>>> print(open('start02.cif').read())   # mmCIF, C-alpha atoms and all ligand atoms
data_target
#
loop_
_atom_site.label_atom_id
_atom_site.label_comp_id
_atom_site.auth_asym_id
_atom_site.auth_seq_id
_atom_site.Cartn_x
_atom_site.Cartn_y
_atom_site.Cartn_z
CA MET A 1 6.01 8.52 -9.26
CA LYS A 2 8.08 10.63 -6.87
CA VAL A 3 6.87 10.27 -3.31
CA VAL A 4 7.59 11.18 0.29
CA LEU A 5 7.04 8.31 2.72
CA ILE A 6 5.95 8.71 6.33
CA GLY A 7 5.94 5.59 8.49
CA VAL A 8 3.76 5.76 11.60
CA GLY A 9 4.28 3.23 14.39
CA GLN A 10 6.56 0.20 14.45
CA ALA A 11 5.41 -1.59 11.29
CA GLY A 12 5.09 1.76 9.48
CA GLY A 13 8.69 2.70 10.28
CA LYS A 14 10.12 -0.69 9.31
CA ILE A 15 8.23 -0.86 6.01
CA THR A 16 9.13 2.75 5.18
CA GLN A 17 12.79 1.99 5.76
CA SER A 18 12.57 -1.16 3.67
CA LEU A 19 10.89 0.72 0.79
CA ALA A 20 13.46 3.53 0.91
CA LYS A 21 16.29 0.97 0.89
CA PHE A 22 14.84 -0.94 -2.09
CA ASP A 23 14.43 2.30 -4.06
CA TYR A 24 17.98 3.39 -3.20
CA GLU A 25 19.58 0.05 -4.04
CA MET A 26 17.75 -0.15 -7.36
CA GLY A 27 18.73 3.45 -8.19
CA PHE A 28 15.13 4.40 -9.01
CA GLU A 29 15.06 7.67 -7.04
CA ALA A 30 11.29 7.59 -6.72
CA VAL A 31 11.46 7.90 -2.92
CA ARG A 32 12.35 11.55 -2.30
CA GLY A 33 12.10 11.50 1.47
CA ALA A 34 11.39 9.06 4.29
CA LEU A 35 10.43 9.85 7.85
CA ALA A 36 9.36 7.60 10.74
CA VAL A 37 7.03 8.87 13.46
CA ASN A 38 6.36 6.96 16.67
CA THR A 39 5.40 7.25 20.33
CA ALA A 40 7.86 4.45 21.20
CA ARG A 41 11.51 5.50 21.37
CA PRO A 42 13.05 1.99 21.09
CA ASP A 43 11.24 1.35 17.79
CA LEU A 44 12.69 4.55 16.31
CA GLN A 45 16.19 3.75 17.54
CA GLU A 46 16.25 0.65 15.35
CA LEU A 47 15.80 2.69 12.16
CA ASP A 48 18.37 4.37 9.90
CA ILE A 49 15.95 6.91 8.42
CA ASP A 50 15.01 10.27 10.00
CA THR A 51 12.66 9.97 12.97
CA VAL A 52 10.29 12.05 15.10
CA LEU A 53 9.24 10.96 18.60
CA ILE A 54 5.79 12.25 19.53
CA GLY A 55 3.67 12.19 22.69
CA GLN A 56 6.59 12.26 25.14
CA ASP A 57 4.49 14.28 27.58
CA ARG A 58 1.79 11.59 27.47
CA VAL A 59 3.62 8.25 27.24
CA LYS A 60 7.30 9.15 27.90
CA GLY A 61 8.62 7.35 24.83
CA HIS A 62 7.04 4.02 25.85
CA GLY A 63 4.40 3.76 23.10
CA VAL A 64 0.61 3.59 23.41
CA GLY A 65 0.38 -0.18 23.95
CA GLY A 66 -2.28 -0.95 21.38
CA ASP A 67 -4.55 1.94 22.41
CA ASN A 68 -5.31 3.37 18.99
CA GLU A 69 -7.57 6.10 20.35
CA LEU A 70 -4.60 7.40 22.31
CA GLY A 71 -2.52 6.99 19.13
CA ALA A 72 -5.01 9.18 17.24
CA GLU A 73 -5.11 11.80 20.03
CA ILE A 74 -1.34 12.07 20.23
CA MET A 75 -1.12 12.40 16.46
CA GLN A 76 -3.70 15.15 16.50
CA GLU A 77 -1.84 17.03 19.25
CA ASN A 78 1.46 16.73 17.39
CA ALA A 79 0.28 17.17 13.82
CA THR A 80 1.72 20.67 13.53
CA GLU A 81 5.13 19.52 14.71
CA ILE A 82 5.14 16.70 12.14
CA LEU A 83 3.91 18.93 9.35
CA ASP A 84 6.70 21.40 10.23
CA GLU A 85 9.19 18.56 10.11
CA LEU A 86 7.83 17.63 6.67
CA ASP A 87 8.00 21.17 5.40
CA GLY A 88 10.83 21.26 2.90
CA ARG A 89 10.68 17.49 2.47
CA ILE A 90 7.41 17.54 0.57
CA THR A 91 8.85 19.64 -2.21
CA THR A 92 7.09 20.47 -5.46
CA GLU A 93 8.79 17.50 -7.15
CA ALA A 94 6.95 15.02 -4.89
CA GLU A 95 3.82 13.85 -6.70
CA ALA A 96 2.22 12.10 -3.72
CA VAL A 97 2.63 11.41 -0.03
CA VAL A 98 2.36 7.85 1.28
CA VAL A 99 1.60 7.26 4.98
CA VAL A 100 2.60 3.72 5.99
CA ALA A 101 1.24 1.87 9.05
CA GLY A 102 0.19 -1.42 10.57
CA LEU A 103 -3.56 -0.96 11.08
CA GLY A 104 -3.77 -3.37 14.04
CA GLY A 105 -1.48 -1.64 16.56
CA GLY A 106 -1.86 1.64 18.40
CA THR A 107 0.32 4.47 17.14
CA GLY A 108 0.01 3.66 13.42
CA SER A 109 -3.57 2.42 13.63
CA GLY A 110 -4.86 5.61 15.27
CA GLY A 111 -2.22 7.99 13.96
CA ALA A 112 -2.03 7.19 10.23
CA PRO A 113 -5.63 8.13 9.29
CA MET A 114 -5.34 11.27 11.42
CA LEU A 115 -2.07 12.27 9.74
CA ALA A 116 -3.57 11.58 6.29
CA ARG A 117 -6.41 13.96 7.14
CA GLU A 118 -4.03 16.71 8.29
CA LEU A 119 -1.83 16.28 5.21
CA LYS A 120 -4.83 16.54 2.92
CA ARG A 121 -5.88 19.76 4.56
CA ILE A 122 -2.65 21.50 3.57
CA HIS A 123 -1.44 19.69 0.43
CA GLU A 124 -2.95 19.47 -3.02
CA LYS A 125 -1.08 16.26 -3.73
CA PRO A 126 -2.72 12.87 -3.34
CA VAL A 127 -2.21 11.34 0.10
CA TYR A 128 -2.25 7.55 0.16
CA VAL A 129 -2.21 5.23 3.15
CA LEU A 130 -0.35 1.92 2.82
CA GLY A 131 -2.02 -0.09 5.59
CA VAL A 132 -1.17 -3.57 6.87
CA LEU A 133 -4.08 -5.77 7.97
CA PRO A 134 -3.40 -8.22 10.82
CA GLY A 135 -3.27 -11.89 9.86
CA LYS A 136 -6.08 -14.24 10.95
CA ASP A 137 -4.04 -15.64 13.85
CA GLU A 138 -3.33 -12.27 15.42
CA GLY A 139 -5.21 -11.31 18.59
CA GLY A 140 -8.64 -9.71 18.92
CA LEU A 141 -7.32 -6.28 19.83
CA TYR A 142 -5.39 -6.14 16.55
CA GLN A 143 -8.48 -7.15 14.56
CA ALA A 144 -10.75 -4.65 16.29
CA ASN A 145 -8.21 -1.83 15.97
CA ALA A 146 -7.68 -2.59 12.29
CA GLY A 147 -11.43 -2.59 11.59
CA ARG A 148 -11.78 0.95 12.91
CA SER A 149 -8.57 2.18 11.38
CA LEU A 150 -9.42 0.71 7.97
CA LYS A 151 -12.71 2.57 7.77
CA THR A 152 -11.20 5.85 8.85
CA ALA A 153 -8.18 5.53 6.57
CA ALA A 154 -10.35 4.64 3.56
CA ARG A 155 -12.38 7.76 4.23
CA GLU A 156 -9.50 10.17 4.86
CA ALA A 157 -6.91 9.04 2.30
CA ASP A 158 -7.10 9.37 -1.48
CA SER A 159 -6.66 5.60 -1.52
CA LEU A 160 -5.98 2.97 1.14
CA LEU A 161 -3.58 0.39 -0.30
CA LEU A 162 -4.17 -2.71 1.82
CA VAL A 163 -1.67 -5.47 2.46
CA ASP A 164 -3.03 -8.49 4.31
CA ASN A 165 -0.35 -9.94 6.60
CA ASP A 166 -1.52 -13.41 5.51
CA ALA A 167 -1.04 -12.67 1.80
CA TRP A 168 2.68 -13.17 1.36
CA ARG A 169 3.75 -15.04 4.49
CA GLY A 170 5.72 -18.28 3.95
CA SER A 171 4.07 -21.37 5.49
CA GLY A 172 6.96 -22.27 7.83
CA ASP A 173 7.91 -18.70 8.74
CA SER A 174 8.35 -17.52 12.32
CA VAL A 175 6.61 -14.22 13.04
CA ALA A 176 9.86 -12.26 12.61
CA ALA A 177 10.89 -14.08 9.42
CA GLY A 178 7.33 -13.64 8.16
CA TYR A 179 7.52 -9.86 8.69
CA GLU A 180 10.82 -9.70 6.87
CA ARG A 181 9.45 -11.62 3.90
CA ILE A 182 6.27 -9.51 3.79
CA ASN A 183 8.20 -6.25 4.12
CA ASP A 184 10.50 -7.31 1.29
CA ALA A 185 7.49 -8.24 -0.86
CA ILE A 186 5.84 -4.87 -0.13
CA SER A 187 9.04 -3.01 -0.97
CA GLN A 188 9.51 -4.84 -4.23
CA ARG A 189 5.92 -4.42 -5.43
CA VAL A 190 5.24 -0.91 -4.22
CA GLY A 191 8.82 0.10 -5.02
CA LEU A 192 8.43 -1.06 -8.63
CA LEU A 193 5.09 0.69 -8.96
CA LEU A 194 6.57 3.99 -7.73
CA ALA A 195 9.59 3.54 -9.98
CA SER A 196 7.58 2.86 -13.12
CA GLY A 197 8.15 5.85 -15.35
CA GLU A 198 11.07 7.13 -13.25
CA ALA A 199 14.41 5.47 -13.99
CA VAL A 200 13.94 3.59 -17.21
CA ASP A 201 16.43 1.63 -19.30
CA GLY A 202 15.62 2.38 -22.92
CA VAL A 203 12.33 3.65 -24.27
CA GLY A 204 9.24 1.50 -24.42
CA GLU A 205 6.38 1.92 -26.85
CA SER A 206 3.92 3.00 -24.20
CA VAL A 207 5.77 3.76 -21.01
CA VAL A 208 3.57 4.07 -17.96
CA ASP A 209 3.78 7.34 -16.05
CA SER A 210 2.70 8.73 -12.69
CA SER A 211 -0.56 10.17 -13.99
CA GLU A 212 -1.76 6.64 -14.79
CA ILE A 213 -1.12 5.52 -11.23
CA ILE A 214 -2.83 8.61 -9.83
CA ASN A 215 -5.81 8.27 -12.19
CA THR A 216 -6.22 4.58 -11.35
CA LEU A 217 -6.39 5.43 -7.65
CA ARG A 218 -8.50 8.56 -8.17
CA GLY A 219 -11.81 6.89 -7.30
CA GLY A 220 -10.68 6.53 -3.68
CA GLY A 221 -11.58 3.65 -1.36
CA ILE A 222 -9.43 0.55 -1.04
CA SER A 223 -6.76 -0.64 -3.44
CA SER A 224 -4.43 -3.63 -3.70
CA ILE A 225 -1.30 -4.64 -5.60
CA GLY A 226 0.01 -7.89 -7.08
CA TYR A 227 3.08 -9.02 -8.99
CA ALA A 228 4.38 -12.05 -10.89
CA SER A 229 7.31 -12.64 -13.24
CA ALA A 230 8.58 -15.34 -15.61
CA GLN A 231 11.52 -16.04 -17.89
CA ALA A 232 10.95 -14.53 -21.34
CA SER A 233 12.10 -15.47 -24.82
CA GLU A 234 14.25 -13.03 -26.86
CA ASP A 235 11.57 -13.17 -29.55
CA PRO A 236 8.56 -11.03 -28.53
CA GLY A 237 6.34 -13.19 -30.75
CA GLU A 238 6.97 -16.07 -28.35
CA ASN A 239 6.04 -13.99 -25.30
CA VAL A 240 2.29 -13.55 -25.89
CA ASN A 241 1.47 -16.36 -23.48
CA THR A 242 4.20 -15.32 -21.04
CA ILE A 243 2.56 -11.91 -20.68
CA THR A 244 -0.94 -13.30 -20.26
CA SER A 245 0.22 -15.91 -17.76
CA VAL A 246 2.24 -13.49 -15.55
CA THR A 247 -0.79 -11.19 -15.55
CA ARG A 248 -3.05 -14.07 -14.54
CA ASN A 249 -0.64 -15.12 -11.76
CA ALA A 250 -0.34 -11.57 -10.46
CA LEU A 251 -4.09 -11.05 -10.28
CA LEU A 252 -5.24 -14.49 -9.16
CA THR A 253 -2.46 -15.64 -6.82
CA SER A 254 -0.39 -12.73 -5.57
CA MET A 255 -2.58 -9.76 -4.66
CA SER A 256 -1.86 -7.94 -1.39
CA LEU A 257 -5.57 -8.36 -0.60
CA PRO A 258 -6.23 -11.92 -1.78
CA ASN A 259 -9.48 -13.03 -3.44
CA ALA A 260 -10.68 -9.50 -4.09
CA VAL A 261 -10.77 -9.30 -7.87
CA GLU A 262 -13.84 -7.20 -8.60
CA ALA A 263 -12.65 -3.60 -9.00
CA GLU A 264 -13.68 -0.15 -10.15
CA SER A 265 -10.45 0.48 -12.02
CA ALA A 266 -7.13 -1.22 -12.62
CA LEU A 267 -3.61 -0.63 -13.86
CA LEU A 268 -1.53 -3.29 -15.61
CA VAL A 269 2.19 -2.54 -15.87
CA ILE A 270 4.35 -4.93 -17.90
CA ALA A 271 7.98 -4.63 -16.80
CA GLY A 272 10.92 -5.92 -18.80
CA ASP A 273 13.11 -5.47 -21.88
CA PRO A 274 11.03 -3.49 -24.43
CA GLU A 275 12.43 -5.73 -27.21
CA ARG A 276 10.79 -8.72 -25.58
CA ILE A 277 7.39 -7.18 -24.86
CA SER A 278 4.69 -8.42 -27.24
CA ARG A 279 2.04 -5.75 -27.97
CA LYS A 280 -0.42 -8.50 -28.79
CA GLY A 281 0.30 -10.11 -25.41
CA VAL A 282 -0.16 -6.81 -23.56
CA GLU A 283 -3.46 -6.10 -25.30
CA ARG A 284 -4.72 -9.61 -24.59
CA ALA A 285 -3.69 -9.37 -20.93
CA ARG A 286 -5.39 -6.00 -20.56
CA ARG A 287 -8.64 -7.34 -21.98
CA TRP A 288 -8.41 -10.33 -19.66
CA VAL A 289 -8.04 -7.96 -16.66
CA GLU A 290 -11.14 -6.09 -17.86
CA ASP A 291 -13.16 -9.33 -17.98
CA GLU A 292 -11.87 -10.62 -14.67
CA THR A 293 -12.33 -7.40 -12.65
CA GLY A 294 -15.54 -6.31 -14.37
CA SER A 295 -13.92 -2.88 -14.79
CA MET A 296 -14.23 -0.77 -17.92
CA GLU A 297 -11.33 1.34 -16.74
CA VAL A 298 -8.17 -0.73 -17.10
CA ARG A 299 -5.07 1.32 -17.86
CA GLY A 300 -1.89 -0.22 -19.14
CA GLY A 301 1.72 0.67 -19.79
CA ASP A 302 5.27 -0.63 -20.00
CA PHE A 303 8.07 -0.28 -17.51
CA PRO A 304 11.26 -0.76 -19.55
CA LEU A 305 13.89 -2.58 -17.47
CA GLY A 306 17.03 -4.44 -18.48
CA SER A 307 16.06 -8.03 -17.63
CA ASP A 308 15.62 -11.39 -19.33
CA LYS A 309 12.34 -11.79 -17.43
CA LEU A 310 8.95 -10.21 -17.97
CA ALA A 311 6.79 -9.19 -15.01
CA ALA A 312 3.22 -8.03 -14.51
CA LEU A 313 2.35 -5.53 -11.82
CA VAL A 314 -1.39 -5.21 -11.22
CA VAL A 315 -3.04 -2.43 -9.19
CA LEU A 316 -6.74 -2.70 -8.39
CA SER A 317 -8.71 0.24 -7.08
CA GLY A 318 -12.20 0.27 -5.57
CA VAL A 319 -12.11 -3.25 -4.11
CA GLU A 320 -14.03 -2.31 -0.93
CA ARG A 321 -17.14 -4.18 -2.01
CA SER A 322 -15.26 -7.47 -2.05
CA ALA A 323 -16.19 -10.45 0.10
CA ARG A 324 -12.66 -10.28 1.50
CA VAL A 325 -13.22 -6.84 3.03
CA ASP A 326 -16.66 -7.86 4.34
CA GLN A 327 -15.14 -10.96 5.95
CA PHE A 328 -12.45 -8.89 7.56
CA MET A 329 -14.97 -6.38 8.92
CA GLU A 330 -16.99 -9.27 10.40
CA ARG A 331 -13.83 -10.60 12.04
CA ALA A 332 -13.10 -7.12 13.45
CA ASN A 333 -16.68 -6.79 14.70
CA GLU A 334 -16.58 -10.15 16.51
CA ALA A 335 -13.24 -9.21 18.02
CA ALA A 336 -14.53 -5.81 19.16
CA LYS A 337 -17.54 -7.48 20.82
CA SER A 338 -15.39 -9.93 22.71
CA GLN A 339 -13.05 -7.10 23.70
CA GLY A 340 -15.89 -5.60 25.71
CA GLY A 341 -18.33 -4.47 23.10
CA THR A 342 -18.64 -1.70 20.63
CA THR A 343 -20.96 1.18 21.41
CA ASP A 344 -21.81 1.82 17.79
CA PRO A 345 -23.57 -1.11 16.08
CA ASP A 346 -22.76 0.29 12.63
CA GLU A 347 -19.12 0.74 13.34
CA PHE A 348 -18.07 -2.40 11.53
CA THR A 349 -20.60 -2.59 8.73
CA ASN A 350 -19.30 -1.99 5.26
CA ASP A 351 -21.87 0.69 4.32
CA ASP A 352 -19.45 3.56 4.67
CA LEU A 353 -17.07 1.84 2.36
CA ASP A 354 -19.85 1.28 -0.16
CA ASN A 355 -20.79 4.92 0.08
CA LEU A 356 -17.35 5.94 -0.98
CA LEU A 357 -18.11 4.89 -4.51
P1 LIG B 1 2.23 0.52 16.60
O1 LIG B 1 3.72 0.69 16.74
O2 LIG B 1 1.51 0.81 17.88
O3 LIG B 1 1.66 1.30 15.48
O4 LIG B 1 1.95 -1.00 16.30
P2 LIG B 1 2.58 -1.97 15.19
O5 LIG B 1 3.13 -1.16 14.08
O6 LIG B 1 3.48 -2.94 15.85
O7 LIG B 1 1.27 -2.66 14.66
C1 LIG B 1 0.91 -3.96 14.96
C2 LIG B 1 0.43 -4.62 13.70
O8 LIG B 1 1.42 -4.50 12.72
C3 LIG B 1 0.18 -6.09 13.90
O9 LIG B 1 -0.92 -6.46 13.08
C4 LIG B 1 1.47 -6.73 13.41
O10 LIG B 1 1.25 -8.00 12.86
C5 LIG B 1 1.90 -5.77 12.34
N1 LIG B 1 3.37 -5.67 12.21
C6 LIG B 1 4.28 -5.30 13.15
N2 LIG B 1 5.52 -5.25 12.63
C7 LIG B 1 5.38 -5.58 11.30
C8 LIG B 1 6.30 -5.67 10.21
O11 LIG B 1 7.51 -5.44 10.31
N3 LIG B 1 5.75 -6.03 9.00
C9 LIG B 1 4.43 -6.29 8.83
N4 LIG B 1 4.02 -6.63 7.60
N5 LIG B 1 3.55 -6.20 9.83
C10 LIG B 1 4.02 -5.84 11.04
#
>>> encode(input="start02.cif", output="structure tokens", more="lines below")
Ligand code: GDP
Amino acid sequence: MKVVLIGVGQAGGKITQSLAKFDYEMGFEAVRGALAVNTARPDLQELDIDTVLIGQDRVKGHGVGGDNELGAEIMQENATEILDELDGRITTEAEAVVVVAGLGGGTGSGGAPMLARELKRIHEKPVYVLGVLPGKDEGGLYQANAGRSLKTAAREADSLLLVDNDAWRGSGDSVAAGYERINDAISQRVGLLLASGEAVDGVGESVVDSSEIINTLRGGGISSIGYASAQASEDPGENVNTITSVTRNALLTSMSLPNAVEAESALLVIAGDPERISRKGVERARRWVEDETGSMEVRGGDFPLGSDKLAALVVLSGVERSARVDQFMERANEAAKSQGGTTDPDEFTNDDLDNLL
């Protein structure tokens, strides 16, 4: 799926750069443009991709300091400038736009949902938000900001792909090393998903294409992604269990939003050498995903790649009813109260998310 990426805020810019780099190094050519937008000049100076500094008149390049309402206001005031900057980058070949942001900060938290809304007003293409949820140990302001941003992004975007900062962190990691590991994991998983159907080695029996990704995400709401791989035998007949077990590992142990398995729809992509892919294994794995997610809408396809391993990439869509999202919204609510209270008692309930379905 050919996309244009727009990173908003510090995390958004870093993850966008990391995704663009992965795509470039792998030669997939799914990322057709990458732009970073921020209110903080120093964050942009660290990036190699194209950048736009916004809100200079308001914050003089110093950032919004965790004030996501200010982040949203500045984005609104500068939307036209950003859309102009994007003109020519979002060409007809781009099949979707992905806005990337940390939901817990200020510029990305407030700005990403606002930008998604503006993009949707002028483009027919799907607009997705790739949003990072703060880990449990992060401060109250991050939790409260992310609660608000999550609800708005899920409403404005065609799908909000959530990555929990606790999902892929190593146990002994420092914060910086943790970010690097998570950003690499995001790039690999999302990068492979975007690449599926783009640059393929050989022809598979049922190669996945962009329309399957778009249709899986069509229901809106919140989505998540997981990935697992294992060594495969040269004989496809011996890989039935390999395919079912990588699928199981992807769904049960590696999702970007952990412990949220119940879904409205799903996509299962099996990546690897087409000669090694067992059709029986793929069909079994797909049926297992149907049982596990309770979804009657599980799409599947191959991603032919020259490798002696087989991998499963799982995308779940419509996971907003999960206990995991409820728990997060409770955490955000508690944090907002201790930050000085929320004026709207319904702000952190999950009803809006339910109503999306
Ligand atoms: P902004 O620049 O005001 O939008 O704020 P940030 O992008 O720094 O957002 C803060 C949130 O993003 C916090 O929850 C951080 O844990 C998270 N964050 C910051 N940098 C990174 C990063 O490089 N990777 C990941 N995964 N999360 C990050």
>>> residues_near_ligand(input="start02.cif", ligand="ligand LIG 1 (chain B)", cutoff="7 Å", atoms="only C-alpha atoms and all ligand atoms", output="ChimeraX atom specification")
/A:8-12,14-15,38,63-66,101-109,132-135,138,142,165,179-180,182-183
>>> closest_residue(input="start02.cif", among="A:Ala94, A:Glu85, A:Val59, A:Leu305", to="Glu29 of chain A", atoms="only C-alpha atoms")
A:Ala94
>>> closest_residue(input="start02.cif", among="A:Val100, A:Asp302, A:Gln339, A:Ala20", to="Gly7 of chain A", atoms="only C-alpha atoms")
A:Val100
>>> residues_around(input="start02.cif", residues="segment 21-27 of chain A", least_positions_apart="3", cutoff="12 Å", atoms="all atoms listed in the file", output="NGL selection string")
:A and (1-3 or 5 or 14-18 or 30-34 or 47-49 or 183-196 or 198-201 or 305-306)
>>> residues_around(input="start02.cif", residues="Leu257 of chain A", least_positions_apart="2", cutoff="10 Å", atoms="all atoms listed in the file", output="list in words")
Val132, Leu133, Leu161, Leu162, Val163, Asp164, Asn165, Asp166, Ala167, Trp168, Ile222, Ser223, Ser224, Ile225, Gly226, Ser254, Met255, Asn259, Ala260, Val261, Leu316, Val319, Ser322, Arg324 and Val325 of chain A
>>> write_last_selection(input="start02.cif", atoms="C-alpha atoms", output="compact mmCIF listing (two decimals), keeping the file's coordinate frame")
# COMPACT_ATOMS: atom_id res chain seq x y z
CA VAL A 132 -1.17 -3.57 6.87
CA LEU A 133 -4.08 -5.77 7.97
CA LEU A 161 -3.58 0.39 -0.30
CA LEU A 162 -4.17 -2.71 1.82
CA VAL A 163 -1.67 -5.47 2.46
CA ASP A 164 -3.03 -8.49 4.31
CA ASN A 165 -0.35 -9.94 6.60
CA ASP A 166 -1.52 -13.41 5.51
CA ALA A 167 -1.04 -12.67 1.80
CA TRP A 168 2.68 -13.17 1.36
CA ILE A 222 -9.43 0.55 -1.04
CA SER A 223 -6.76 -0.64 -3.44
CA SER A 224 -4.43 -3.63 -3.70
CA ILE A 225 -1.30 -4.64 -5.60
CA GLY A 226 0.01 -7.89 -7.08
CA SER A 254 -0.39 -12.73 -5.57
CA MET A 255 -2.58 -9.76 -4.66
CA ASN A 259 -9.48 -13.03 -3.44
CA ALA A 260 -10.68 -9.50 -4.09
CA VAL A 261 -10.77 -9.30 -7.87
CA LEU A 316 -6.74 -2.70 -8.39
CA VAL A 319 -12.11 -3.25 -4.11
CA SER A 322 -15.26 -7.47 -2.05
CA ARG A 324 -12.66 -10.28 1.50
CA VAL A 325 -13.22 -6.84 3.03
>>> atom_distance(input="start02.cif", atom1="atom CA of Leu83 of chain A", atom2="atom CA of Arg121 of chain A")
10.9 Å
>>> residues_around(input="start02.cif", residues="Leu35 of chain A", least_positions_apart="4", cutoff="6 Å", atoms="all atoms listed in the file", output="PyMOL selection string")
chain A and resi 6+50-51
>>> atom_distance(input="start02.cif", atom1="atom CA of His123 of chain A", atom2="atom CA of Asp209 of chain A")
21.2 Å
>>> atom_distance(input="start02.cif", atom1="atom CA of Phe28 of chain A", atom2="atom CA of Glu93 of chain A")
14.7 Å
>>> residues_around(input="start02.cif", residues="Ile277 of chain A", least_positions_apart="5", cutoff="9 Å", atoms="only C-alpha atoms", output="list in words")
Gly204, Ala232, Asp235, Pro236, Gly237, Asn239, Val240, Ile243, Ile270, Ala271, Gly272, Val282, Asp302 and Leu310 of chain A
>>> closest_residue(input="start02.cif", among="A:Glu69, A:Glu262, A:Glu330, A:Glu234", to="Asn145 of chain A", atoms="only C-alpha atoms")
A:Glu69
>>> residues_around(input="start02.cif", residues="segment 74-81 of chain A", least_positions_apart="2", cutoff="6 Å", atoms="all atoms listed in the file", output="list in words")
Gly55, Gly71, Ala72, Leu83, Asp84 and Gly111 of chain A
>>> closest_residue(input="start02.cif", among="A:Val4, A:Gly13, A:Ala112, A:Val129", to="Leu86 of chain A", atoms="all atoms listed in the file")
A:Val4
>>> closest_residue(input="start02.cif", among="A:Gln45, A:Ser317, A:Ser229, A:Ser295", to="Ala250 of chain A", atoms="only C-alpha atoms")
A:Ser229
